[in-house]
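The next block holds one structure in the form of C-alpha cells; read it before the comments.
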Amino acid sequence: MTSEDEIELHKLAGMLEAISDGLNPASPLREGLQKAGIALSLGFIHGLRADIERQYQRLNVPLSDEQRARLRRLGLDPDLA
C-alpha cells in the first residue's frame, strides 16, 4: 500500500467513524459500518484501491440501452429499481 493509499484509507475510515459516532450505540447499523471498514481496509491492503475507485465511479451511472434490455430479459424492470 502506498502512502497515498494509506492517507485515503485513513480519510475514508474517519468518515465511517464519524457516521458511527452519530448512531445510537445499540444500533444494528454499527455492525454494517464496522464490516464496511474492515472490507475497505482489506481491499486497500491487498492493493485493490484502483478497483474500488473504478467501481465507485460506476455508481449512479445511467444504464445503457443494452443493460436495460438485458435486465428486462431477466424479468427485472430497471424503472422500478
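For the C-alpha cells, the naming scheme is as follows: chains receive sequential letters (A, B, ...) according to their order of presentation, residues are indexed from 1 within each chain, and ligands are indexed from 1 in presentation order.
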**Prompt:** Can you list every residue in chain A that DSSP puts in alpha helix (DSSP H), as an NGL selection string?
**Reply:** :A and (3-21 or 29-45 or 49-58 or 65-73)
**Item:** Among the residues A:Leu29, A:Met1, A:Val61, A:Ala36, the one that comes closest to A:Met15 [using only C-alpha atoms]
**Value:**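 Selected residue with least distance to A:Met15: A:Ala36.
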**Item:** Pairwise distance for atom CA of A:Ala26 and atom CA of A:Leu9, rounded to one decimal in Å
**Value:** 25.9 Å
Test item: residues at most 10 Å from A:Asp5, only C-alpha atoms, excluding those fewer than 4 positions along its chain, as a JSON list (two decimals) with all heavy atoms, in the first residue's frame:
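Below is the file that was written, part-v1.json:
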```json
[["chain", "number", "residue", "atom", "x", "y", "z"],
["A", 1, "MET", "N", 0.86, -1.16, 0.00],
["A", 1, "MET", "CA", 0.00, 0.00, 0.00],
["A", 1, "MET", "C", 0.91, 1.23, 0.00],
["A", 1, "MET", "O", 1.84, 1.32, 0.79],
["A", 1, "MET", "CB", -0.91, -0.04, 1.24],
["A", 1, "MET", "CG", -1.81, 1.14, 1.35],
["A", 1, "MET", "SD", -3.17, 1.06, 2.56],
["A", 1, "MET", "CE", -2.57, 0.12, 3.90],
["A", 9, "LEU", "N", -7.18, 5.82, 2.83],
["A", 9, "LEU", "CA", -7.82, 4.87, 3.72],
["A", 9, "LEU", "C", -8.15, 5.52, 5.07],
["A", 9, "LEU", "O", -9.25, 5.35, 5.60],
["A", 9, "LEU", "CB", -6.95, 3.63, 3.92],
["A", 9, "LEU", "CG", -7.50, 2.56, 4.86],
["A", 9, "LEU", "CD1", -8.88, 2.08, 4.41],
["A", 9, "LEU", "CD2", -6.52, 1.39, 4.94],
["A", 10, "HIS", "N", -7.22, 6.28, 5.61],
["A", 10, "HIS", "CA", -7.47, 6.97, 6.88],
["A", 10, "HIS", "C", -8.60, 7.99, 6.75],
["A", 10, "HIS", "O", -9.43, 8.12, 7.65],
["A", 10, "HIS", "CB", -6.20, 7.64, 7.40],
["A", 10, "HIS", "CG", -5.25, 6.69, 8.05],
["A", 10, "HIS", "ND1", -5.43, 6.19, 9.32],
["A", 10, "HIS", "CD2", -4.11, 6.13, 7.59],
["A", 10, "HIS", "CE1", -4.44, 5.37, 9.62],
["A", 10, "HIS", "NE2", -3.63, 5.31, 8.59],
["A", 11, "LYS", "N", -8.65, 8.67, 5.61],
["A", 11, "LYS", "CA", -9.72, 9.63, 5.37],
["A", 11, "LYS", "C", -11.08, 8.93, 5.35],
["A", 11, "LYS", "O", -12.03, 9.35, 6.02],
["A", 11, "LYS", "CB", -9.49, 10.37, 4.05],
["A", 11, "LYS", "CG", -10.56, 11.40, 3.73],
["A", 11, "LYS", "CD", -10.32, 12.03, 2.36],
["A", 11, "LYS", "CE", -11.09, 11.20, 1.35],
["A", 11, "LYS", "NZ", -11.09, 11.73, 0.01],
["A", 44, "PHE", "N", -7.76, -2.22, 0.46],
["A", 44, "PHE", "CA", -6.58, -1.36, 0.29],
["A", 44, "PHE", "C", -5.30, -2.14, 0.56],
["A", 44, "PHE", "O", -4.33, -2.03, -0.18],
["A", 44, "PHE", "CB", -6.67, -0.14, 1.21],
["A", 44, "PHE", "CG", -7.40, 1.04, 0.61],
["A", 44, "PHE", "CD1", -8.73, 0.94, 0.25],
["A", 44, "PHE", "CD2", -6.76, 2.24, 0.41],
["A", 44, "PHE", "CE1", -9.41, 2.02, -0.29],
["A", 44, "PHE", "CE2", -7.43, 3.33, -0.13],
["A", 44, "PHE", "CZ", -8.76, 3.22, -0.49],
["A", 45, "ILE", "N", -5.30, -2.94, 1.64],
["A", 45, "ILE", "CA", -4.12, -3.72, 1.99],
["A", 45, "ILE", "C", -3.74, -4.68, 0.86],
["A", 45, "ILE", "O", -2.55, -4.88, 0.58],
["A", 45, "ILE", "CB", -4.35, -4.50, 3.30],
["A", 45, "ILE", "CG1", -4.38, -3.52, 4.48],
["A", 45, "ILE", "CG2", -3.31, -5.58, 3.52],
["A", 45, "ILE", "CD1", -4.92, -4.11, 5.78],
["A", 47, "GLY", "N", -4.13, -4.20, -2.26],
["A", 47, "GLY", "CA", -3.83, -3.49, -3.50],
["A", 47, "GLY", "C", -5.02, -3.30, -4.42],
["A", 47, "GLY", "O", -4.83, -3.15, -5.63],
["A", 48, "LEU", "N", -6.22, -3.28, -3.87],
["A", 48, "LEU", "CA", -7.42, -3.18, -4.71],
["A", 48, "LEU", "C", -7.99, -1.76, -4.78],
["A", 48, "LEU", "O", -9.12, -1.58, -5.23],
["A", 48, "LEU", "CB", -8.49, -4.14, -4.18],
["A", 48, "LEU", "CG", -8.10, -5.61, -4.19],
["A", 48, "LEU", "CD1", -9.16, -6.45, -3.51],
["A", 48, "LEU", "CD2", -7.84, -6.09, -5.60],
["A", 49, "ARG", "N", -7.23, -0.77, -4.35],
["A", 49, "ARG", "CA", -7.77, 0.59, -4.35],
["A", 49, "ARG", "C", -8.24, 1.01, -5.74],
["A", 49, "ARG", "O", -9.32, 1.59, -5.89],
["A", 49, "ARG", "CB", -6.74, 1.59, -3.83],
["A", 49, "ARG", "CG", -7.30, 3.01, -3.85],
["A", 49, "ARG", "CD", -6.32, 4.04, -3.40],
["A", 49, "ARG", "NE", -6.93, 5.36, -3.55],
["A", 49, "ARG", "CZ", -6.25, 6.47, -3.48],
["A", 49, "ARG", "NH1", -4.95, 6.44, -3.24],
["A", 49, "ARG", "NH2", -6.86, 7.62, -3.65],
["A", 50, "ALA", "N", -7.46, 0.73, -6.76],
["A", 50, "ALA", "CA", -7.85, 1.13, -8.13],
["A", 50, "ALA", "C", -9.17, 0.48, -8.52],
["A", 50, "ALA", "O", -10.03, 1.13, -9.12],
["A", 50, "ALA", "CB", -6.75, 0.76, -9.12]]
```
**Prompt:** Near stretch 64-68 of chain A, counting only C-alpha atoms, which residues have an atom at most 9 Å away, once you skip same-chain residues fewer than 4 positions from it, shown as a VMD selection string?
**Reply:** chain A and resid 72 to 73 76 to 79
Take the selection from the previous step and output its residues with N, CA, C and O atoms, as an mmCIF file, in the first residue's frame.
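Final output, result_13.cif:
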```
data_model
loop_
_atom_site.group_PDB
_atom_site.id
_atom_site.type_symbol
_atom_site.label_atom_id
_atom_site.label_comp_id
_atom_site.auth_asym_id
_atom_site.auth_seq_id
_atom_site.Cartn_x
_atom_site.Cartn_y
_atom_site.Cartn_z
ATOM 1 N N ARG A 72 -34.475 -6.539 -18.513
ATOM 2 C CA ARG A 72 -35.856 -6.888 -18.859
ATOM 3 C C ARG A 72 -35.959 -8.358 -19.269
ATOM 4 O O ARG A 72 -36.929 -9.037 -18.934
ATOM 5 N N ARG A 73 -34.957 -8.846 -20.028
ATOM 6 C CA ARG A 73 -34.951 -10.259 -20.418
ATOM 7 C C ARG A 73 -34.869 -11.164 -19.192
ATOM 8 O O ARG A 73 -35.363 -12.281 -19.195
ATOM 9 N N LEU A 76 -36.542 -8.365 -14.870
ATOM 10 C CA LEU A 76 -36.385 -7.232 -13.954
ATOM 11 C C LEU A 76 -36.734 -5.942 -14.683
ATOM 12 O O LEU A 76 -36.299 -5.738 -15.809
ATOM 13 N N ASP A 77 -37.469 -5.086 -14.025
ATOM 14 C CA ASP A 77 -37.814 -3.797 -14.622
ATOM 15 C C ASP A 77 -36.895 -2.734 -14.051
ATOM 16 O O ASP A 77 -37.018 -2.370 -12.868
ATOM 17 N N PRO A 78 -35.937 -2.238 -14.831
ATOM 18 C CA PRO A 78 -34.983 -1.267 -14.305
ATOM 19 C C PRO A 78 -35.633 0.054 -13.884
ATOM 20 O O PRO A 78 -35.061 0.806 -13.108
ATOM 21 N N ASP A 79 -36.830 0.306 -14.349
ATOM 22 C CA ASP A 79 -37.518 1.545 -13.981
ATOM 23 C C ASP A 79 -38.149 1.451 -12.597
ATOM 24 O O ASP A 79 -38.522 2.474 -12.014
#
```
Name all residues at most 12 Å from A:Glu17 (count only C-alpha atoms; drop same-chain ones fewer than 5 positions away) and give them as a short mmCIF file (atom, residue, chain, number, x, y, z; two decimals) with N, CA, C and O atoms, in the first residue's frame.
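Dumped to part.cif:
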```
data_model
loop_
_atom_site.label_atom_id
_atom_site.label_comp_id
_atom_site.auth_asym_id
_atom_site.auth_seq_id
_atom_site.Cartn_x
_atom_site.Cartn_y
_atom_site.Cartn_z
N HIS A 10 -7.22 6.28 5.61
CA HIS A 10 -7.47 6.97 6.88
C HIS A 10 -8.60 7.99 6.75
O HIS A 10 -9.43 8.12 7.65
N LYS A 11 -8.65 8.67 5.61
CA LYS A 11 -9.72 9.63 5.37
C LYS A 11 -11.08 8.93 5.35
O LYS A 11 -12.03 9.35 6.02
N LEU A 12 -11.16 7.83 4.60
CA LEU A 12 -12.41 7.09 4.49
C LEU A 12 -12.81 6.45 5.82
O LEU A 12 -13.98 6.45 6.20
N GLY A 22 -22.40 9.08 15.22
CA GLY A 22 -23.71 9.69 15.22
C GLY A 22 -24.84 8.72 15.47
O GLY A 22 -26.00 9.13 15.58
N LEU A 23 -24.51 7.44 15.54
CA LEU A 23 -25.53 6.41 15.75
C LEU A 23 -25.69 6.08 17.23
O LEU A 23 -24.75 6.22 18.01
N ARG A 30 -24.36 -0.07 13.20
CA ARG A 30 -22.94 0.00 13.57
C ARG A 30 -22.18 -1.23 13.05
O ARG A 30 -21.05 -1.13 12.60
N GLU A 31 -22.84 -2.39 13.10
CA GLU A 31 -22.20 -3.61 12.60
C GLU A 31 -21.87 -3.47 11.11
O GLU A 31 -20.78 -3.84 10.67
N GLY A 32 -22.82 -2.92 10.35
CA GLY A 32 -22.58 -2.72 8.92
C GLY A 32 -21.42 -1.77 8.67
O GLY A 32 -20.59 -2.03 7.79
N LEU A 33 -21.34 -0.71 9.45
CA LEU A 33 -20.23 0.23 9.28
C LEU A 33 -18.90 -0.41 9.64
O LEU A 33 -17.89 -0.20 8.96
N GLN A 34 -18.89 -1.20 10.71
CA GLN A 34 -17.65 -1.87 11.10
C GLN A 34 -17.20 -2.85 10.03
O GLN A 34 -16.01 -2.90 9.69
N LYS A 35 -18.13 -3.60 9.48
CA LYS A 35 -17.78 -4.56 8.43
C LYS A 35 -17.35 -3.83 7.16
O LYS A 35 -16.43 -4.30 6.47
N ALA A 36 -17.98 -2.71 6.85
CA ALA A 36 -17.56 -1.92 5.68
C ALA A 36 -16.13 -1.42 5.88
O ALA A 36 -15.32 -1.44 4.94
N GLY A 37 -15.82 -0.99 7.09
CA GLY A 37 -14.47 -0.53 7.38
C GLY A 37 -13.44 -1.63 7.24
O GLY A 37 -12.35 -1.42 6.69
#
```
**Request:** Could you tell me how far atom CA of A:Leu40 lies from atom CA of A:Tyr56, in Å and to one decimal?
**Result:**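 Straight-line distance from atom CA of A:Leu40 to atom CA of A:Tyr56 works out to 12.3 Å.
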**Message:** My list of candidates is A:Leu74, A:Glu6, A:Ala13, A:Ser20. Which is closest to A:Ala39 when distances are computed with only C-alpha atoms?
**Reply:**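 Checking each of A:Leu74, A:Glu6, A:Ala13, A:Ser20 against A:Ala39, counting only C-alpha atoms, the winner is A:Ala13.
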